[in-house]
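Note sheet for the following structure.
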Amino acid sequence: MAHTADSMLPLAGTTVVALEQAVAAPLATRHLADLGARVIKIERVGEGDFARNYDHAVQGLASHFVWLNRGKESVALDLKDPAGLAAAKRLIAGADVFVQNSAPGAVARLGLDGDQLRAENPGLVVVNISGYGTDGPRRDRKAYDMLIQAEAGLISVTGTPETATKTGVPSADIAAGLYTAQSVLAALLRRARTGEGAVVDVSMFDATAEWLGHPMYMQMYAGRQIPRMGLSHASIAPYDAFPTSDGQILIGVQNDRGWVALTSVLERPDLADHPDLATNVARVRNRAECDRLVGELTAQWTTAELDARLAAAGVPAAQLNDMQGLIDHPQLSARDRWREIDSPVGPLRALLPPTTFRDVELPMGAVPDLGEHTAAVLAELGLAPEEIERLRESGAAQVAEPAPAAG
């Protein structure tokens, strides 16, 4: 049975300081918090992480911020103020990991670049997230998710034949965040073996380019730009949404055995060895006719009926859910994936982390208010109450007002 003993959490005892905003770095550090790390998030005085104000959809909180920042401690410091910067440096000096995705050159100007920090603490793991990397002609360019998707070519292979689109979620940010979390874990593992920390650079452009391996190799070695296929696939058929009597269903046949199984489900076994359809290469070459035949046959059943028939035969298929369909999905409820987390506006629903340890349930901490932990963390650094108050009064730090007592 899973339990929540801190000692069983993979990153128990690890302290991460994050100078972060938006998506890429907050996603990485939220995963580290889920794994048991203590994550101290340095935010701007007054505004905080600007993702706090993207919207107010979650009972007044921003949906991005709720998604990416549970389980963290918020310390609000003005890094342009010498006293605020000094407090931040003391925080980082006592940490195991420092993650940042500030604008190009910003941390160097503050004296927080990796080489400077590791000169004082050789065991520190520093991960810098940037748009395009530390050199090259676009090093200093602003890099938002959509812009990176465009520059890396992701948009060129996404959408319909008529319309190119970006992905519906910030894929470039997410890619960089996941590689950042991976790099932290790898660097900590190496440090356990050698005692040495690391400076790691992760760029959104590089991370997104890595995800484009298949279309990139098709272009380099076959001279072919992968076309935008909507729900379909350039190299596989049938692979698309097909009509049912009350809607549609997505079917993806990845090999010729699957084609034989599909023709059986559709009660047309004669199509299994049809010379124009028997192999995937033939089906791709004759995609229009293949899709037409499959669509005529799938329309005989309701979505639920056909979904069950395909599942029983082992044919890959899925229903096309919207967001409410995801929220209500029986796979989530049957596997008890929903939990409640605390927040400044009360309990909120959240999904368990996708990494499931069988002997311990990963923690899901509260969404922090801006500056909620400033006073406590500064006190840990040895600052007396009157020193913390002077920082607050000068504007070098922001201390959240305590929540009113219940009742």
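Numbering starts fresh at 1 for the residues of each chain in the structure tokens, the chains themselves are lettered A, B, ... in the order given, and ligands are numbered from 1 as they appear.
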
Could you find all residues in segment 31-110 of chain A that DSSP calls strand (DSSP E or B) from the backbone, and write them as a list in words? Arg38, Val39, Ile40, Lys41, Ile42, Glu43, Val58, Leu61, Lys72, Glu73, Ser74, Val75, Ala76, Leu77, Val97, Phe98, Val99 and Gln100 of chain A

Using N, CA and C atoms, can you export the residues from the last selection as a PDB file, in the first residue's frame?
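Written output follows (part_6.pdb):
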ATOM      1  N   ARG A  38      12.075  20.155  -1.961  1.00  0.00           N
ATOM      2  CA  ARG A  38      11.594  21.455  -1.488  1.00  0.00           C
ATOM      3  C   ARG A  38      11.924  22.477  -2.560  1.00  0.00           C
ATOM      4  N   VAL A  39      10.897  23.125  -3.096  1.00  0.00           N
ATOM      5  CA  VAL A  39      11.101  24.100  -4.168  1.00  0.00           C
ATOM      6  C   VAL A  39      10.741  25.485  -3.642  1.00  0.00           C
ATOM      7  N   ILE A  40      11.725  26.377  -3.656  1.00  0.00           N
ATOM      8  CA  ILE A  40      11.530  27.761  -3.228  1.00  0.00           C
ATOM      9  C   ILE A  40      11.531  28.625  -4.479  1.00  0.00           C
ATOM     10  N   LYS A  41      10.401  29.239  -4.741  1.00  0.00           N
ATOM     11  CA  LYS A  41      10.188  30.013  -5.966  1.00  0.00           C
ATOM     12  C   LYS A  41      10.397  31.495  -5.664  1.00  0.00           C
ATOM     13  N   ILE A  42      11.392  32.094  -6.318  1.00  0.00           N
ATOM     14  CA  ILE A  42      11.631  33.525  -6.161  1.00  0.00           C
ATOM     15  C   ILE A  42      10.755  34.271  -7.164  1.00  0.00           C
ATOM     16  N   GLU A  43       9.920  35.171  -6.649  1.00  0.00           N
ATOM     17  CA  GLU A  43       9.010  35.938  -7.509  1.00  0.00           C
ATOM     18  C   GLU A  43       9.244  37.431  -7.344  1.00  0.00           C
ATOM     19  N   VAL A  58      -9.629  29.947 -12.302  1.00  0.00           N
ATOM     20  CA  VAL A  58      -9.735  28.955 -11.226  1.00  0.00           C
ATOM     21  C   VAL A  58     -10.115  29.676  -9.929  1.00  0.00           C
ATOM     22  N   LEU A  61      -7.884  32.448  -9.472  1.00  0.00           N
ATOM     23  CA  LEU A  61      -6.478  32.178  -9.758  1.00  0.00           C
ATOM     24  C   LEU A  61      -6.302  31.840 -11.238  1.00  0.00           C
ATOM     25  N   LYS A  72       5.061  24.486  -4.018  1.00  0.00           N
ATOM     26  CA  LYS A  72       6.229  25.360  -3.941  1.00  0.00           C
ATOM     27  C   LYS A  72       6.047  26.405  -2.837  1.00  0.00           C
ATOM     28  N   GLU A  73       7.155  26.971  -2.407  1.00  0.00           N
ATOM     29  CA  GLU A  73       7.127  28.084  -1.453  1.00  0.00           C
ATOM     30  C   GLU A  73       7.442  29.366  -2.218  1.00  0.00           C
ATOM     31  N   SER A  74       6.618  30.374  -2.033  1.00  0.00           N
ATOM     32  CA  SER A  74       6.796  31.637  -2.744  1.00  0.00           C
ATOM     33  C   SER A  74       7.522  32.645  -1.861  1.00  0.00           C
ATOM     34  N   VAL A  75       8.664  33.115  -2.359  1.00  0.00           N
ATOM     35  CA  VAL A  75       9.441  34.156  -1.691  1.00  0.00           C
ATOM     36  C   VAL A  75       9.538  35.326  -2.667  1.00  0.00           C
ATOM     37  N   ALA A  76       8.983  36.465  -2.283  1.00  0.00           N
ATOM     38  CA  ALA A  76       8.933  37.624  -3.173  1.00  0.00           C
ATOM     39  C   ALA A  76      10.060  38.587  -2.813  1.00  0.00           C
ATOM     40  N   LEU A  77      11.000  38.758  -3.770  1.00  0.00           N
ATOM     41  CA  LEU A  77      12.157  39.615  -3.555  1.00  0.00           C
ATOM     42  C   LEU A  77      12.363  40.529  -4.753  1.00  0.00           C
ATOM     43  N   VAL A  97      19.992  22.762  -6.012  1.00  0.00           N
ATOM     44  CA  VAL A  97      19.686  23.008  -7.420  1.00  0.00           C
ATOM     45  C   VAL A  97      19.195  24.439  -7.582  1.00  0.00           C
ATOM     46  N   PHE A  98      19.625  25.089  -8.651  1.00  0.00           N
ATOM     47  CA  PHE A  98      19.106  26.402  -9.025  1.00  0.00           C
ATOM     48  C   PHE A  98      18.646  26.322 -10.477  1.00  0.00           C
ATOM     49  N   VAL A  99      17.369  26.616 -10.715  1.00  0.00           N
ATOM     50  CA  VAL A  99      16.783  26.590 -12.058  1.00  0.00           C
ATOM     51  C   VAL A  99      16.307  27.996 -12.394  1.00  0.00           C
ATOM     52  N   GLN A 100      16.606  28.458 -13.603  1.00  0.00           N
ATOM     53  CA  GLN A 100      16.152  29.789 -13.984  1.00  0.00           C
ATOM     54  C   GLN A 100      15.825  29.843 -15.460  1.00  0.00           C
TER      55      GLN A 100
END

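Residues in contact with Leu154 of chain A at 8 Å, where only C-alpha atoms are counted and same-chain residues fewer than 4 positions away are skipped, are listed as A:Gln149, A:Ala150, A:Thr158, A:Lys166, A:Thr208, A:Leu212.
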
Identify, on the basis of only C-alpha atoms, every residue whose closest approach to Thr302 of chain A does not exceed 8 Å; exclude the query and any residue fewer than 6 positions from it along the same chain; express the result as a compact mmCIF listing (two decimals) with N, CA, C and O atoms, in the first residue's frame.
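Generated file (around_33.txt):
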# COMPACT_ATOMS: atom_id res chain seq x y z
N THR A 244 -19.23 7.48 -37.59
CA THR A 244 -20.10 6.44 -37.05
C THR A 244 -21.53 6.93 -37.25
O THR A 244 -21.75 8.04 -37.74
N SER A 245 -22.49 6.11 -36.85
CA SER A 245 -23.88 6.53 -37.05
C SER A 245 -24.27 7.70 -36.17
O SER A 245 -25.27 8.38 -36.44
N ASP A 246 -23.51 7.96 -35.11
CA ASP A 246 -23.86 9.07 -34.22
C ASP A 246 -22.67 9.98 -33.92
O ASP A 246 -22.70 10.77 -32.98
N GLY A 247 -21.62 9.90 -34.70
CA GLY A 247 -20.46 10.76 -34.45
C GLY A 247 -19.26 10.32 -35.25
O GLY A 247 -19.34 10.12 -36.45

Tell me which protein, DNA and RNA residues are within 12 Å of segment 256-271 of chain A, counting only C-alpha atoms, leaving out same-chain ones fewer than 4 positions away, and put them as a PDB file with N, CA and C atoms, in the first residue's frame.
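The result, written out as selection_36.pdb:
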ATOM      1  N   ILE A 236       1.158   6.160 -42.532  1.00  0.00           N
ATOM      2  CA  ILE A 236       0.333   5.043 -42.080  1.00  0.00           C
ATOM      3  C   ILE A 236      -1.097   5.235 -42.577  1.00  0.00           C
ATOM      4  N   ALA A 237      -1.753   4.155 -42.983  1.00  0.00           N
ATOM      5  CA  ALA A 237      -3.172   4.191 -43.368  1.00  0.00           C
ATOM      6  C   ALA A 237      -3.791   2.806 -43.125  1.00  0.00           C
ATOM      7  N   PRO A 238      -5.052   2.787 -42.681  1.00  0.00           N
ATOM      8  CA  PRO A 238      -5.904   3.923 -42.304  1.00  0.00           C
ATOM      9  C   PRO A 238      -5.526   4.455 -40.919  1.00  0.00           C
ATOM     10  N   TYR A 239      -5.476   5.758 -40.814  1.00  0.00           N
ATOM     11  CA  TYR A 239      -5.085   6.426 -39.578  1.00  0.00           C
ATOM     12  C   TYR A 239      -5.762   7.786 -39.588  1.00  0.00           C
ATOM     13  N   THR A 244     -19.229   7.475 -37.594  1.00  0.00           N
ATOM     14  CA  THR A 244     -20.104   6.443 -37.053  1.00  0.00           C
ATOM     15  C   THR A 244     -21.532   6.927 -37.249  1.00  0.00           C
ATOM     16  N   ILE A 251      -9.334   5.715 -35.701  1.00  0.00           N
ATOM     17  CA  ILE A 251      -8.769   4.386 -35.881  1.00  0.00           C
ATOM     18  C   ILE A 251      -7.351   4.538 -36.403  1.00  0.00           C
ATOM     19  N   GLY A 252      -6.425   3.796 -35.800  1.00  0.00           N
ATOM     20  CA  GLY A 252      -5.030   3.836 -36.238  1.00  0.00           C
ATOM     21  C   GLY A 252      -4.494   2.436 -36.440  1.00  0.00           C
ATOM     22  N   PRO A 275      -5.286  -6.410 -53.403  1.00  0.00           N
ATOM     23  CA  PRO A 275      -3.942  -5.979 -53.827  1.00  0.00           C
ATOM     24  C   PRO A 275      -3.664  -4.494 -53.608  1.00  0.00           C
ATOM     25  N   ASP A 276      -4.689  -3.672 -53.588  1.00  0.00           N
ATOM     26  CA  ASP A 276      -4.479  -2.239 -53.360  1.00  0.00           C
ATOM     27  C   ASP A 276      -4.473  -1.867 -51.884  1.00  0.00           C
ATOM     28  N   LEU A 277      -4.743  -2.837 -51.012  1.00  0.00           N
ATOM     29  CA  LEU A 277      -4.921  -2.521 -49.600  1.00  0.00           C
ATOM     30  C   LEU A 277      -4.189  -3.473 -48.653  1.00  0.00           C
ATOM     31  N   ALA A 278      -3.613  -4.524 -49.138  1.00  0.00           N
ATOM     32  CA  ALA A 278      -3.088  -5.581 -48.277  1.00  0.00           C
ATOM     33  C   ALA A 278      -1.876  -5.154 -47.456  1.00  0.00           C
ATOM     34  N   THR A 279      -1.093  -4.198 -47.941  1.00  0.00           N
ATOM     35  CA  THR A 279       0.087  -3.732 -47.198  1.00  0.00           C
ATOM     36  C   THR A 279      -0.058  -2.253 -46.869  1.00  0.00           C
ATOM     37  N   ASN A 280       0.679  -1.828 -45.843  1.00  0.00           N
ATOM     38  CA  ASN A 280       0.615  -0.416 -45.470  1.00  0.00           C
ATOM     39  C   ASN A 280       1.095   0.477 -46.601  1.00  0.00           C
ATOM     40  N   VAL A 281       2.151   0.066 -47.296  1.00  0.00           N
ATOM     41  CA  VAL A 281       2.646   0.874 -48.420  1.00  0.00           C
ATOM     42  C   VAL A 281       1.550   1.045 -49.471  1.00  0.00           C
ATOM     43  N   ALA A 282       0.821  -0.038 -49.748  1.00  0.00           N
ATOM     44  CA  ALA A 282      -0.267   0.045 -50.732  1.00  0.00           C
ATOM     45  C   ALA A 282      -1.396   0.920 -50.216  1.00  0.00           C
ATOM     46  N   ARG A 283      -1.713   0.802 -48.925  1.00  0.00           N
ATOM     47  CA  ARG A 283      -2.820   1.605 -48.380  1.00  0.00           C
ATOM     48  C   ARG A 283      -2.474   3.093 -48.377  1.00  0.00           C
ATOM     49  N   VAL A 284      -1.226   3.422 -48.067  1.00  0.00           N
ATOM     50  CA  VAL A 284      -0.816   4.829 -48.130  1.00  0.00           C
ATOM     51  C   VAL A 284      -0.888   5.336 -49.566  1.00  0.00           C
ATOM     52  N   GLU A 289      -8.974   5.938 -51.443  1.00  0.00           N
ATOM     53  CA  GLU A 289      -9.896   4.818 -51.587  1.00  0.00           C
ATOM     54  C   GLU A 289      -9.989   4.009 -50.300  1.00  0.00           C
ATOM     55  N   CYS A 290      -8.851   3.823 -49.639  1.00  0.00           N
ATOM     56  CA  CYS A 290      -8.847   3.091 -48.363  1.00  0.00           C
ATOM     57  C   CYS A 290      -9.730   3.799 -47.347  1.00  0.00           C
ATOM     58  N   LEU A 293     -13.529   3.534 -48.210  1.00  0.00           N
ATOM     59  CA  LEU A 293     -14.109   2.232 -47.879  1.00  0.00           C
ATOM     60  C   LEU A 293     -14.299   2.060 -46.382  1.00  0.00           C
ATOM     61  N   VAL A 294     -13.272   2.416 -45.624  1.00  0.00           N
ATOM     62  CA  VAL A 294     -13.377   2.273 -44.164  1.00  0.00           C
ATOM     63  C   VAL A 294     -14.496   3.151 -43.631  1.00  0.00           C
ATOM     64  N   GLY A 295     -14.589   4.397 -44.115  1.00  0.00           N
ATOM     65  CA  GLY A 295     -15.630   5.301 -43.637  1.00  0.00           C
ATOM     66  C   GLY A 295     -17.029   4.817 -43.948  1.00  0.00           C
ATOM     67  N   GLU A 296     -17.227   4.226 -45.124  1.00  0.00           N
ATOM     68  CA  GLU A 296     -18.552   3.673 -45.448  1.00  0.00           C
ATOM     69  C   GLU A 296     -18.927   2.548 -44.489  1.00  0.00           C
ATOM     70  N   LEU A 297     -17.947   1.762 -44.086  1.00  0.00           N
ATOM     71  CA  LEU A 297     -18.218   0.618 -43.218  1.00  0.00           C
ATOM     72  C   LEU A 297     -18.399   1.024 -41.762  1.00  0.00           C
ATOM     73  N   THR A 298     -17.576   1.961 -41.268  1.00  0.00           N
ATOM     74  CA  THR A 298     -17.697   2.358 -39.857  1.00  0.00           C
ATOM     75  C   THR A 298     -19.026   3.027 -39.567  1.00  0.00           C
ATOM     76  N   ALA A 299     -19.638   3.636 -40.573  1.00  0.00           N
ATOM     77  CA  ALA A 299     -20.893   4.373 -40.366  1.00  0.00           C
ATOM     78  C   ALA A 299     -22.070   3.464 -40.015  1.00  0.00           C
ATOM     79  N   GLN A 300     -21.867   2.146 -40.053  1.00  0.00           N
ATOM     80  CA  GLN A 300     -22.959   1.228 -39.723  1.00  0.00           C
ATOM     81  C   GLN A 300     -23.233   1.139 -38.230  1.00  0.00           C
ATOM     82  N   TRP A 301     -22.272   1.521 -37.403  1.00  0.00           N
ATOM     83  CA  TRP A 301     -22.393   1.327 -35.955  1.00  0.00           C
ATOM     84  C   TRP A 301     -22.361   2.676 -35.228  1.00  0.00           C
ATOM     85  N   GLU A 305     -20.706   1.277 -29.922  1.00  0.00           N
ATOM     86  CA  GLU A 305     -20.701  -0.094 -30.432  1.00  0.00           C
ATOM     87  C   GLU A 305     -19.390  -0.404 -31.155  1.00  0.00           C
ATOM     88  N   LEU A 306     -18.978   0.512 -32.018  1.00  0.00           N
ATOM     89  CA  LEU A 306     -17.767   0.261 -32.791  1.00  0.00           C
ATOM     90  C   LEU A 306     -16.531   0.291 -31.894  1.00  0.00           C
ATOM     91  N   ASP A 307     -16.521   1.190 -30.928  1.00  0.00           N
ATOM     92  CA  ASP A 307     -15.405   1.251 -29.983  1.00  0.00           C
ATOM     93  C   ASP A 307     -15.236  -0.095 -29.281  1.00  0.00           C
ATOM     94  N   ALA A 308     -16.328  -0.683 -28.846  1.00  0.00           N
ATOM     95  CA  ALA A 308     -16.267  -1.971 -28.158  1.00  0.00           C
ATOM     96  C   ALA A 308     -15.804  -3.081 -29.103  1.00  0.00           C
ATOM     97  N   ARG A 309     -16.306  -3.079 -30.321  1.00  0.00           N
ATOM     98  CA  ARG A 309     -15.914  -4.109 -31.287  1.00  0.00           C
ATOM     99  C   ARG A 309     -14.413  -4.019 -31.623  1.00  0.00           C
ATOM    100  N   LEU A 310     -13.941  -2.812 -31.820  1.00  0.00           N
ATOM    101  CA  LEU A 310     -12.531  -2.625 -32.148  1.00  0.00           C
ATOM    102  C   LEU A 310     -11.636  -3.037 -30.979  1.00  0.00           C
ATOM    103  N   ALA A 311     -12.045  -2.655 -29.765  1.00  0.00           N
ATOM    104  CA  ALA A 311     -11.253  -3.025 -28.583  1.00  0.00           C
ATOM    105  C   ALA A 311     -11.180  -4.539 -28.433  1.00  0.00           C
ATOM    106  N   ALA A 312     -12.301  -5.216 -28.640  1.00  0.00           N
ATOM    107  CA  ALA A 312     -12.328  -6.672 -28.500  1.00  0.00           C
ATOM    108  C   ALA A 312     -11.410  -7.346 -29.506  1.00  0.00           C
ATOM    109  N   ALA A 313     -11.247  -6.744 -30.678  1.00  0.00           N
ATOM    110  CA  ALA A 313     -10.396  -7.318 -31.722  1.00  0.00           C
ATOM    111  C   ALA A 313      -8.953  -6.837 -31.648  1.00  0.00           C
ATOM    112  N   GLY A 314      -8.661  -5.945 -30.699  1.00  0.00           N
ATOM    113  CA  GLY A 314      -7.300  -5.433 -30.563  1.00  0.00           C
ATOM    114  C   GLY A 314      -6.906  -4.413 -31.604  1.00  0.00           C
ATOM    115  N   VAL A 315      -7.901  -3.777 -32.211  1.00  0.00           N
ATOM    116  CA  VAL A 315      -7.611  -2.738 -33.208  1.00  0.00           C
ATOM    117  C   VAL A 315      -7.496  -1.388 -32.492  1.00  0.00           C
ATOM    118  N   PRO A 316      -6.386  -0.669 -32.634  1.00  0.00           N
ATOM    119  CA  PRO A 316      -6.221   0.608 -31.951  1.00  0.00           C
ATOM    120  C   PRO A 316      -7.285   1.616 -32.368  1.00  0.00           C
ATOM    121  N   ALA A 317      -7.993   2.149 -31.393  1.00  0.00           N
ATOM    122  CA  ALA A 317      -9.056   3.121 -31.670  1.00  0.00           C
ATOM    123  C   ALA A 317      -9.264   3.984 -30.442  1.00  0.00           C
TER     124      ALA A 317
END

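Excluding segment 120-123 of chain A itself and same-chain residues fewer than 4 positions from it, the residues having an atom within 12 Å of it are Lys89, Arg90, Ile92, Ala93, Gly94, Ala95, Asp96, Val97, Phe98, Gly111, Leu112, Asp113, Gly114, Asp115, Gln116, Ala187, Leu188, Leu189, Arg190, Arg191, Ala192, Arg193, Thr194, Gly195, Glu196, Gly197, Ala198 and Val199 of chain A, counting only C-alpha atoms.
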
At most 12 Å is the cut-off: for each residue in segment 33-125 of chain A with any atom that close to an atom of segment 394-397 of chain A, write down the nearest atom pair and the distance in Å rounded to one decimal, counting only C-alpha atoms, chain first then increasing number, as a Markdown table.
| residue | atom | partner | partner_atom | distance |
| --- | --- | --- | --- | --- |
| A:Ile42 | CA | A:Ala397 | CA | 10.4 |
| A:Glu43 | CA | A:Ala397 | CA | 9.7 |
| A:Arg44 | CA | A:Ala397 | CA | 8.7 |
| A:Val45 | CA | A:Ala397 | CA | 6.4 |
| A:Gly46 | CA | A:Gly395 | CA | 9.2 |
| A:Gly48 | CA | A:Ala397 | CA | 11.4 |
| A:Ser74 | CA | A:Ala397 | CA | 11.3 |
| A:Val75 | CA | A:Ala397 | CA | 8.0 |
| A:Ala76 | CA | A:Ala397 | CA | 5.5 |
| A:Leu77 | CA | A:Ala397 | CA | 4.4 |
| A:Asp78 | CA | A:Ala396 | CA | 4.8 |
| A:Leu79 | CA | A:Ala396 | CA | 7.6 |
| A:Lys80 | CA | A:Ala396 | CA | 8.3 |
| A:Asp81 | CA | A:Ala396 | CA | 5.8 |
| A:Pro82 | CA | A:Ala396 | CA | 8.1 |
| A:Ala83 | CA | A:Ala396 | CA | 6.3 |
| A:Gly84 | CA | A:Ala396 | CA | 4.9 |
| A:Leu85 | CA | A:Ala396 | CA | 8.4 |
| A:Ala86 | CA | A:Ala396 | CA | 10.1 |
| A:Ala87 | CA | A:Ala397 | CA | 9.3 |
| A:Ala88 | CA | A:Ala397 | CA | 10.4 |

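A straight line drawn from atom CA of Leu124 of chain A to atom CA of Pro26 of chain A is 19.0 Å long.
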
Which residues in segment 123-226 of chain A does DSSP call alpha helix (DSSP H)? List them as a PyMOL selection string. chain A and resi 145-151+171-194+204-211+213-222

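Closest to Leu27 of chain A among A:Gly60, A:Pro353, A:Pro104, A:Gly13 is A:Pro353, based on only C-alpha atoms.
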